[in-house]
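Novice: To start, I am sharing the structure in question, which I have written as structure tokens.
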Amino acid sequence: MTPQALPSLVNELRELQAPILAVMLLGACAAKITHAVQTHSLAAGLGPTELFPLPARRPAALIVWTCELALGAALLVTVPPAARDGTGALDGAATDGARIAATAFFVVAMCALIELRGRRPDVGCGCFGDLSTRPVGARSIARPALLAVAALASIGGPGLHMPRTGTGAALLLALLCAEFLVIALLSPEAGEALVRLGYSEPCEVRSIPARRTLAALHHSPQWPQRAGLITSDAPSDMWRELCWRYVVYPGRLDGAEADVVFAVQMKPRRPVIKSAVVPRPAPITSPADQTSPGNQTPPEDHAPPEDQTPPETSADIGAAQAPDEAPADLAPGTVPLSAMPVSNTL
Amino acid sequence: MLDQGGHVTCRDGSTGLSSTGSSSTGSSSAERAARRRLLKAAVFPPADGPDQIPAADRAAAQSRVLAGTVLDASPHVLTILRAGREERLALMPDTKAWRGGPADLTAVGAGDGVVVRLHPSRRGVAVRIWANIGRVTGVILERNREGVVVEAGEARGCQVIVIPRHAESRIQVRFPRLEPGYLIDVIGLRRGGIIEGLIPATSQPTYRADQMLRRSPIGGRPMARIGGSATWHEPAGEPDDAEGVFYSVLDQDMGCGEQLASRPGCVRMPYLSIGSLLEVRNECTGDSRVLPVTGCAAVTRLFSDRCVTCGTSPRGRVADLALASFVGLGGELERGCFNATIVTGP
């Protein structure tokens with residue numbers, strides 16, 4: 001690049017600021033409007049509006065939208081050289097006026113964010129709607145400062161012309177990309193947007209109805225293997241934990257009551273299914289029970305678990321025995337175990 | 001509204017203090033939770049995770065909090081009735097008390113419900129006392145001359161907040177919309193079935209409870225650790241010093257039957273069930289504990305706030321701790337929250 005080409009490149013770079021700023025302003029306005037439509041609230045999530053009293057928040061939000069829309073449009077329509085040269089409907093004064101107004105807007109935005117950070121450190125800037133929910137940080141403040149400098153630099157610049165040589169065009173394009181990269185680095189929203197683009201729902205949060213889980217279980221190869229042990233059509237308990245839904249059926253193992261538990265993976269198709277058989281604890285017989293022979297065996301839910309240490313495999317489960325003594329410390333909510341009582345009524 | 005016993009009757013006729021709702025209380029639920037853990041462990045033999053917390057740590061943390069009713073208070077000794085037993089606690093010159101605000105120890109009197117944090121190394125010495133502290137979190141149903149009626153979830157039903165004149169401005173700065181449909185979270189003095197609202201526990205969301213913000217997708221990354229804020233709730237039909245955590249995302253088919261649970265939450269969190277274990281870490285003190293999920297905290301899904309107890313937490317409430325668990329983890333009840341991270345296990 002010759003030394004003579006440098007001023008031309010700088011001028012073109014100055015002129016490029018106007019469309020960049022216009023894109024930023026119109027994008028921010030569109031994101032805010034989308035957010036407002038989604039939340040049915042004009043002021044919801046628009047950071048600096050939190051600084052205003054409640055009745056003033058809606059008008060403040062509308063003023064911000066209007067400014068962004070008007071400035072974005074003004075910067076865009078004054079980009080062509082005709083606007084700068086005065087040969088079109090607009091003249092140079094209108095072009096510079098739009099850019100001065102944009103500079104003032106970004107300076108005010110920067111000051112508002114500094115104030116917001118001091119008074120409401122928990123609130124996001126709301127610059128790009130619900131993408132801007134992170135608390136205002138140094139990056140959020142540096143961005144309007146950079147944009148204000150860009151707007152200032154564009155004042156008085158020549159009209160935007162296409163570069164005459166391929167090298168010049170490539171250089172201009174590289175500078176344009178570099179500027180967008182800097183803006184992206186200063187934008188907390190960039191990371192949020194990338195996450196949304198690559199979004200896939202983890203199994204822990206995937207919502208699958210219980211009836212689908214049961215249907216998958218009943219059509220799985222594990223079901224016929226355990227079906228002979230199961231004594232009821234309806235599960236006695238069912239719960240969800242992270243990527244698995246657990247289904248428990250009452251059953252019998254070697255003549256004793258047992259629970260047949262299936263773990264079904266939260267996957268829409270062909271879920272992994274694991275199973276085990278766990279003997280039920282023998283019912284505790286109270287002295288009152290011993291004196292009244294007509295008493296029924298208490299339901300399973302009211303009986304303490306037989307063993308806190310799970311069997312290693314389902315094949316070993318039948319051999320699981322209750323410990324002689326309860327452990328000294330149990331997790332909160334865990335029922336302390338006592339030695340298994342021997343019922344005299346049996 | 002208020003009956004002669006100070007109980008609150010909702011418009012649908014349910015009674016605030018008598019309703020047990022979906023919270024898991026009583027020994028049968030604890031047994032069922034223990035049985036679930038046993039069955040789960042039969043399918044998936046335990047590995048390193050929240051289940052493996054050293055028992056000594058749990059016991060040490062559990063013994064640091066007492067809750068009961070004051071029988072007698074002198075400048076040096078506090079006698080409380082706890083689980084049918086009298087307990088005498090020594091008061092030191094640096095013991096701090098709260099009773100609607102920082103108070104002298106003499107302000108705590110017979111009949112007050114207290115939560116006491118004990119000295120970590122000196123047995124029977126009170127470090128911090130909260131007297132008659134209460135909290136109401138929920139959706140405003142109506143506001144009238146008697147106060148603000150709040151739907152606080154199935155476990156607590158409806159509650160009434162009475163805002164005294166001297167606290168009006170403080171509450172209304174943070175909760176400008178005391179109108180039906182908006183959220184409220186207030187800490188104050190409990191007087192029977194009503195709360196004298198004194199401290200706003202957060203800032204009011206700008207949206208109505210039925211206009212919850214769309215959740216941010218979190219991508220396909222694992223959700224083992226989630227940051228946010230941990231809040232506390234009063235015991236509902238359970239012992240004053242019951243341990244546990246109410247969790248906001250329970251399996252809708254089998255867990256949380258509350259109407260609020262069907263609404264989108266602020267934070268995407270994995271599904272758990274009653275009895276699941278959750279490690280909660282106080283990021284401000286470094287304390288962490290493994291707690292069982294004992295109930296449904298559907299209303300906490302609706303808050304998209306941050307805790308600023310130490311720095312700024314990520315957005316959203318990740319755990320609604322039982323009062324004793326909150327204090328045991330080093331939380332200050334009058335602050336309402338602490339920055340927390342939860343670990344949902346392997």
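Every chain in the structure tokens has a letter given in the order shown (A, B, ...), and although residue numbers restart at 1 in each chain, ligands are simply numbered from 1 in the order shown.
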Please list as a PyMOL selection string every residue within 9 Å of region 125-136 of chain A, counting only C-alpha atoms and excluding residues in the same chain fewer than 4 positions away.
Specialist: (chain A and resi 27-36+44-48+113-114+116-117+120-121+140-141+187-190+192-193) or (chain B and resi 213-214+216+312+314-315)
Novice: May I ask which of the residues B:Thr294, B:Thr231, B:Ser273, B:Ser248 is the closest one to Leu323 (chain B), counting only C-alpha atoms?
Specialist: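 Among B:Thr294, B:Thr231, B:Ser273, B:Ser248, it is B:Thr231 that comes nearest to Leu323 (chain B).
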Novice: Quick one: residues within 9 Å of Leu176 (chain A), only C-alpha atoms, excluding same-chain residues fewer than 3 positions away - as a list of chain:residue names?
Specialist: A:Leu13, A:Leu16, A:Ile20, A:Leu171, A:Leu172, A:Leu173, A:Glu179, A:Phe180, A:Leu181
Novice: How about saving the chosen residues, N, CA, C and O atoms kept, as a CSV table (one decimal), in the first residue's frame?
Specialist:
```csv
chain,number,residue,atom,x,y,z
A,13,LEU,N,-12.6,4.3,6.0
A,13,LEU,CA,-12.9,3.7,7.3
A,13,LEU,C,-13.9,4.6,8.2
A,13,LEU,O,-14.8,4.1,8.8
A,16,LEU,N,-17.3,4.2,6.9
A,16,LEU,CA,-17.9,2.9,7.2
A,16,LEU,C,-18.5,2.9,8.6
A,16,LEU,O,-19.4,2.0,8.9
A,20,ILE,N,-22.1,0.9,10.3
A,20,ILE,CA,-21.9,0.0,11.4
A,20,ILE,C,-22.8,0.5,12.6
A,20,ILE,O,-23.5,-0.3,13.2
A,171,LEU,N,-8.4,-4.9,2.2
A,171,LEU,CA,-7.9,-4.2,3.4
A,171,LEU,C,-9.1,-3.6,4.2
A,171,LEU,O,-9.2,-3.7,5.4
A,172,LEU,N,-10.0,-3.0,3.4
A,172,LEU,CA,-11.1,-2.3,4.1
A,172,LEU,C,-12.0,-3.4,4.7
A,172,LEU,O,-12.5,-3.2,5.9
A,173,LEU,N,-12.2,-4.5,4.0
A,173,LEU,CA,-13.0,-5.6,4.6
A,173,LEU,C,-12.4,-6.2,5.9
A,173,LEU,O,-13.0,-6.5,6.8
A,179,GLU,N,-13.2,-4.5,13.3
A,179,GLU,CA,-14.0,-3.7,14.2
A,179,GLU,C,-15.2,-4.4,14.7
A,179,GLU,O,-15.5,-4.3,15.9
A,180,PHE,N,-15.8,-5.3,13.9
A,180,PHE,CA,-16.9,-6.1,14.4
A,180,PHE,C,-16.4,-7.1,15.5
A,180,PHE,O,-17.1,-7.3,16.5
A,181,LEU,N,-15.2,-7.5,15.3
A,181,LEU,CA,-14.7,-8.5,16.3
A,181,LEU,C,-14.5,-7.7,17.7
A,181,LEU,O,-14.8,-8.3,18.7
```
Novice: Once DSSP has gone over the backbone, tell me which residues of region 48-283 of chain A are in alpha helix (DSSP H), as a VMD selection string.
Specialist: chain A and resid 54 to 77 81 to 85 92 to 119 138 to 154 166 to 185 188 to 197 210 to 218 222 to 227
Novice: Restricting the calculation to only C-alpha atoms, which member of B:Val160, B:Ala298, B:Ala209, B:Ala110 is positioned closest to chain A?
Specialist: B:Ala209
Novice: Hey, what's within 10 Å of Thr344 (chain B) if we count only C-alpha atoms and toss same-chain stuff fewer than 6 positions away? As a PDB file with N, CA, C and O atoms, in the first residue's frame, please?
Specialist:
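Output (around.pdb):
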```pdb
ATOM      1  N   GLU A 241     -35.446 -38.133  38.511  1.00  0.00           N
ATOM      2  CA  GLU A 241     -34.235 -37.534  39.051  1.00  0.00           C
ATOM      3  C   GLU A 241     -33.234 -37.391  37.920  1.00  0.00           C
ATOM      4  O   GLU A 241     -32.793 -38.387  37.349  1.00  0.00           O
ATOM      5  N   LEU A 242     -32.917 -36.147  37.585  1.00  0.00           N
ATOM      6  CA  LEU A 242     -31.997 -35.824  36.506  1.00  0.00           C
ATOM      7  C   LEU A 242     -32.417 -36.525  35.211  1.00  0.00           C
ATOM      8  O   LEU A 242     -33.518 -36.307  34.752  1.00  0.00           O
TER       9      LEU A 242
ATOM     10  N   GLY B  49     -20.364 -38.281  45.107  1.00  0.00           N
ATOM     11  CA  GLY B  49     -21.427 -37.307  44.872  1.00  0.00           C
ATOM     12  C   GLY B  49     -21.954 -36.823  46.190  1.00  0.00           C
ATOM     13  O   GLY B  49     -21.365 -37.084  47.241  1.00  0.00           O
ATOM     14  N   PRO B  50     -23.078 -36.123  46.159  1.00  0.00           N
ATOM     15  CA  PRO B  50     -23.631 -35.589  47.387  1.00  0.00           C
ATOM     16  C   PRO B  50     -23.929 -36.653  48.432  1.00  0.00           C
ATOM     17  O   PRO B  50     -23.874 -36.392  49.618  1.00  0.00           O
ATOM     18  N   MET B 223     -25.413 -29.996  33.637  1.00  0.00           N
ATOM     19  CA  MET B 223     -25.996 -29.041  34.581  1.00  0.00           C
ATOM     20  C   MET B 223     -25.688 -29.453  36.007  1.00  0.00           C
ATOM     21  O   MET B 223     -26.513 -29.307  36.894  1.00  0.00           O
ATOM     22  N   ALA B 224     -24.520 -30.003  36.238  1.00  0.00           N
ATOM     23  CA  ALA B 224     -24.217 -30.518  37.573  1.00  0.00           C
ATOM     24  C   ALA B 224     -24.139 -29.388  38.596  1.00  0.00           C
ATOM     25  O   ALA B 224     -24.564 -29.557  39.738  1.00  0.00           O
ATOM     26  N   ARG B 225     -23.604 -28.238  38.228  1.00  0.00           N
ATOM     27  CA  ARG B 225     -23.464 -27.111  39.163  1.00  0.00           C
ATOM     28  C   ARG B 225     -24.234 -25.925  38.608  1.00  0.00           C
ATOM     29  O   ARG B 225     -24.059 -25.555  37.455  1.00  0.00           O
ATOM     30  N   ILE B 226     -25.059 -25.340  39.444  1.00  0.00           N
ATOM     31  CA  ILE B 226     -25.845 -24.191  39.008  1.00  0.00           C
ATOM     32  C   ILE B 226     -25.706 -23.094  40.055  1.00  0.00           C
ATOM     33  O   ILE B 226     -25.942 -23.324  41.249  1.00  0.00           O
ATOM     34  N   MET B 269     -33.390 -25.652  35.321  1.00  0.00           N
ATOM     35  CA  MET B 269     -32.790 -26.518  36.331  1.00  0.00           C
ATOM     36  C   MET B 269     -33.221 -27.948  36.072  1.00  0.00           C
ATOM     37  O   MET B 269     -34.289 -28.188  35.529  1.00  0.00           O
ATOM     38  N   PRO B 270     -32.395 -28.886  36.469  1.00  0.00           N
ATOM     39  CA  PRO B 270     -32.733 -30.285  36.195  1.00  0.00           C
ATOM     40  C   PRO B 270     -33.886 -30.771  37.077  1.00  0.00           C
ATOM     41  O   PRO B 270     -34.128 -30.226  38.150  1.00  0.00           O
ATOM     42  N   TYR B 271     -34.556 -31.791  36.606  1.00  0.00           N
ATOM     43  CA  TYR B 271     -35.661 -32.358  37.374  1.00  0.00           C
ATOM     44  C   TYR B 271     -35.130 -33.164  38.555  1.00  0.00           C
ATOM     45  O   TYR B 271     -34.195 -33.945  38.426  1.00  0.00           O
ATOM     46  N   LEU B 272     -35.769 -32.970  39.695  1.00  0.00           N
ATOM     47  CA  LEU B 272     -35.488 -33.781  40.881  1.00  0.00           C
ATOM     48  C   LEU B 272     -36.818 -34.175  41.490  1.00  0.00           C
ATOM     49  O   LEU B 272     -37.880 -33.784  41.004  1.00  0.00           O
ATOM     50  N   SER B 276     -34.609 -36.473  46.784  1.00  0.00           N
ATOM     51  CA  SER B 276     -33.315 -36.335  46.108  1.00  0.00           C
ATOM     52  C   SER B 276     -32.377 -35.513  46.988  1.00  0.00           C
ATOM     53  O   SER B 276     -32.818 -34.640  47.742  1.00  0.00           O
ATOM     54  N   LEU B 277     -31.104 -35.798  46.863  1.00  0.00           N
ATOM     55  CA  LEU B 277     -30.134 -35.045  47.653  1.00  0.00           C
ATOM     56  C   LEU B 277     -29.495 -33.962  46.792  1.00  0.00           C
ATOM     57  O   LEU B 277     -29.261 -34.154  45.602  1.00  0.00           O
ATOM     58  N   LEU B 278     -29.216 -32.869  47.441  1.00  0.00           N
ATOM     59  CA  LEU B 278     -28.732 -31.684  46.746  1.00  0.00           C
ATOM     60  C   LEU B 278     -27.634 -31.077  47.608  1.00  0.00           C
ATOM     61  O   LEU B 278     -27.820 -30.888  48.808  1.00  0.00           O
ATOM     62  N   GLU B 279     -26.501 -30.794  47.009  1.00  0.00           N
ATOM     63  CA  GLU B 279     -25.464 -30.106  47.773  1.00  0.00           C
ATOM     64  C   GLU B 279     -25.638 -28.612  47.556  1.00  0.00           C
ATOM     65  O   GLU B 279     -25.696 -28.153  46.412  1.00  0.00           O
ATOM     66  N   VAL B 280     -25.739 -27.879  48.637  1.00  0.00           N
ATOM     67  CA  VAL B 280     -25.896 -26.424  48.560  1.00  0.00           C
ATOM     68  C   VAL B 280     -24.654 -25.781  49.169  1.00  0.00           C
ATOM     69  O   VAL B 280     -24.256 -26.126  50.282  1.00  0.00           O
ATOM     70  N   VAL B 290     -25.136 -31.138  52.265  1.00  0.00           N
ATOM     71  CA  VAL B 290     -26.019 -31.949  51.435  1.00  0.00           C
ATOM     72  C   VAL B 290     -27.373 -32.016  52.130  1.00  0.00           C
ATOM     73  O   VAL B 290     -27.457 -32.378  53.300  1.00  0.00           O
TER      74      VAL B 290
END
```
Novice: Just how far from CA of His219 (chain A) is CA of Gly255 (chain A), in Å to one decimal?
Specialist: 26.8 Å
Novice: Looking at only C-alpha atoms, which of A:Pro221, A:Gly156, A:Gly168, A:Gly137 is the one that sits closest to chain B?
Specialist: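 Ranked by minimum distance to chain B, first place goes to A:Gly137.
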Novice: Please measure the separation of CA of Asn11 (chain A) and CA of Arg143 (chain A), giving the value in Å to one decimal.
Specialist: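 For CA of Asn11 (chain A) relative to CA of Arg143 (chain A), the distance reads 22.3 Å.
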Novice: Find the spatial neighbours of Glu257 (chain A), counting only C-alpha atoms, within a cut-off of 10 Å - ignore same-chain residues fewer than 2 positions away - and output them as a list in words.
Specialist: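 With the cut-off at 10 Å, the set is Leu229, Thr231, Pro250, Gly251, Arg252, Leu253, Asp254, Gly255, Asp259, Val260, Val278, Pro279, Arg280, Pro281, Ala282 and Glu300 of chain A.
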Novice: Based on the selection just made, write all heavy atoms of those residues as a short mmCIF file (atom, residue, chain, number, x, y, z; two decimals), in the first residue's frame.
Specialist:
```cif
data_model
loop_
_atom_site.label_atom_id
_atom_site.label_comp_id
_atom_site.auth_asym_id
_atom_site.auth_seq_id
_atom_site.Cartn_x
_atom_site.Cartn_y
_atom_site.Cartn_z
N LEU A 229 -42.08 -61.37 38.31
CA LEU A 229 -41.96 -61.02 39.74
C LEU A 229 -43.00 -60.00 40.16
O LEU A 229 -43.29 -59.84 41.34
CB LEU A 229 -40.56 -60.44 40.01
CG LEU A 229 -39.36 -61.30 39.66
CD1 LEU A 229 -38.06 -60.53 39.85
CD2 LEU A 229 -39.34 -62.55 40.54
N THR A 231 -46.41 -58.07 40.87
CA THR A 231 -47.72 -58.54 41.33
C THR A 231 -48.83 -57.52 41.12
O THR A 231 -49.96 -57.74 41.53
CB THR A 231 -47.65 -58.88 42.82
OG1 THR A 231 -47.21 -57.71 43.53
CG2 THR A 231 -46.71 -60.03 43.09
N PRO A 250 -44.71 -53.28 42.86
CA PRO A 250 -44.65 -54.28 43.93
C PRO A 250 -44.47 -55.67 43.33
O PRO A 250 -44.99 -55.96 42.25
CB PRO A 250 -46.01 -54.13 44.63
CG PRO A 250 -46.91 -53.51 43.62
CD PRO A 250 -46.05 -52.69 42.71
N GLY A 251 -43.72 -56.51 44.03
CA GLY A 251 -43.49 -57.86 43.50
C GLY A 251 -43.16 -58.83 44.61
O GLY A 251 -43.23 -58.50 45.81
N ARG A 252 -42.83 -60.03 44.22
CA ARG A 252 -42.45 -61.07 45.18
C ARG A 252 -41.17 -61.74 44.69
O ARG A 252 -41.04 -62.05 43.51
CB ARG A 252 -43.56 -62.10 45.34
CG ARG A 252 -44.82 -61.55 46.00
CD ARG A 252 -45.75 -62.67 46.43
NE ARG A 252 -45.33 -63.31 47.66
CZ ARG A 252 -45.53 -62.82 48.87
NH1 ARG A 252 -46.15 -61.65 49.02
NH2 ARG A 252 -45.11 -63.46 49.94
N LEU A 253 -40.25 -61.96 45.61
CA LEU A 253 -39.00 -62.63 45.29
C LEU A 253 -38.78 -63.72 46.34
O LEU A 253 -38.68 -63.42 47.54
CB LEU A 253 -37.84 -61.62 45.31
CG LEU A 253 -36.46 -62.18 44.99
CD1 LEU A 253 -36.38 -62.60 43.53
CD2 LEU A 253 -35.39 -61.14 45.29
N ASP A 254 -38.72 -64.96 45.91
CA ASP A 254 -38.55 -66.10 46.82
C ASP A 254 -39.60 -66.09 47.93
O ASP A 254 -39.28 -66.31 49.11
CB ASP A 254 -37.13 -66.09 47.43
CG ASP A 254 -36.08 -66.23 46.35
OD1 ASP A 254 -36.39 -66.83 45.29
OD2 ASP A 254 -34.95 -65.72 46.55
N GLY A 255 -40.81 -65.77 47.59
CA GLY A 255 -41.90 -65.81 48.55
C GLY A 255 -42.01 -64.58 49.43
O GLY A 255 -42.98 -64.43 50.18
N ASP A 259 -39.62 -54.99 45.93
CA ASP A 259 -39.89 -53.92 44.98
C ASP A 259 -39.06 -54.16 43.73
O ASP A 259 -37.85 -54.39 43.82
CB ASP A 259 -39.51 -52.56 45.59
CG ASP A 259 -40.57 -52.07 46.56
OD1 ASP A 259 -41.76 -52.33 46.33
OD2 ASP A 259 -40.18 -51.42 47.56
N VAL A 260 -39.72 -54.09 42.58
CA VAL A 260 -39.02 -54.18 41.31
C VAL A 260 -38.88 -52.76 40.77
O VAL A 260 -39.89 -52.10 40.50
CB VAL A 260 -39.79 -55.06 40.31
CG1 VAL A 260 -39.00 -55.21 39.01
CG2 VAL A 260 -40.09 -56.42 40.91
N VAL A 278 -35.42 -55.33 44.89
CA VAL A 278 -34.99 -55.03 46.26
C VAL A 278 -36.03 -55.57 47.23
O VAL A 278 -37.21 -55.18 47.15
CB VAL A 278 -34.83 -53.51 46.47
CG1 VAL A 278 -34.32 -53.22 47.86
CG2 VAL A 278 -33.92 -52.92 45.43
N PRO A 279 -35.65 -56.47 48.13
CA PRO A 279 -36.62 -56.98 49.11
C PRO A 279 -37.16 -55.85 49.96
O PRO A 279 -36.43 -54.92 50.31
CB PRO A 279 -35.81 -57.94 49.97
CG PRO A 279 -34.60 -58.25 49.17
CD PRO A 279 -34.34 -57.07 48.31
N ARG A 280 -38.42 -55.96 50.30
CA ARG A 280 -39.00 -54.95 51.19
C ARG A 280 -38.62 -55.26 52.62
O ARG A 280 -38.49 -56.42 52.99
CB ARG A 280 -40.52 -54.96 51.08
CG ARG A 280 -41.00 -54.17 49.91
CD ARG A 280 -42.43 -53.78 50.11
NE ARG A 280 -43.07 -53.62 48.81
CZ ARG A 280 -44.37 -53.58 48.65
NH1 ARG A 280 -45.16 -53.72 49.67
NH2 ARG A 280 -44.88 -53.41 47.46
N PRO A 281 -38.47 -54.21 53.43
CA PRO A 281 -38.16 -54.46 54.84
C PRO A 281 -39.34 -55.13 55.52
O PRO A 281 -40.50 -54.85 55.20
CB PRO A 281 -37.90 -53.07 55.41
CG PRO A 281 -38.60 -52.15 54.48
CD PRO A 281 -38.58 -52.78 53.13
N ALA A 282 -39.02 -55.98 56.49
CA ALA A 282 -40.09 -56.62 57.26
C ALA A 282 -40.79 -55.56 58.09
O ALA A 282 -40.15 -54.62 58.57
CB ALA A 282 -39.50 -57.69 58.16
N GLU A 300 -46.12 -50.32 52.95
CA GLU A 300 -44.66 -50.20 52.73
C GLU A 300 -44.15 -48.82 53.06
O GLU A 300 -43.09 -48.67 53.65
CB GLU A 300 -44.38 -50.54 51.27
CG GLU A 300 -42.91 -50.56 50.89
CD GLU A 300 -42.42 -49.21 50.46
OE1 GLU A 300 -43.22 -48.41 49.96
OE2 GLU A 300 -41.24 -48.95 50.67
#
```
Novice: Write down as a PyMOL selection string the residues belonging to region 104-294 of chain B that are assigned strand (DSSP E or B) by DSSP computed on the backbone.
Specialist: chain B and resi 113-118+125-131+133-143+148-151+158-162+183-191+194-200+225-233+245-247+250+272+277-282+288-294
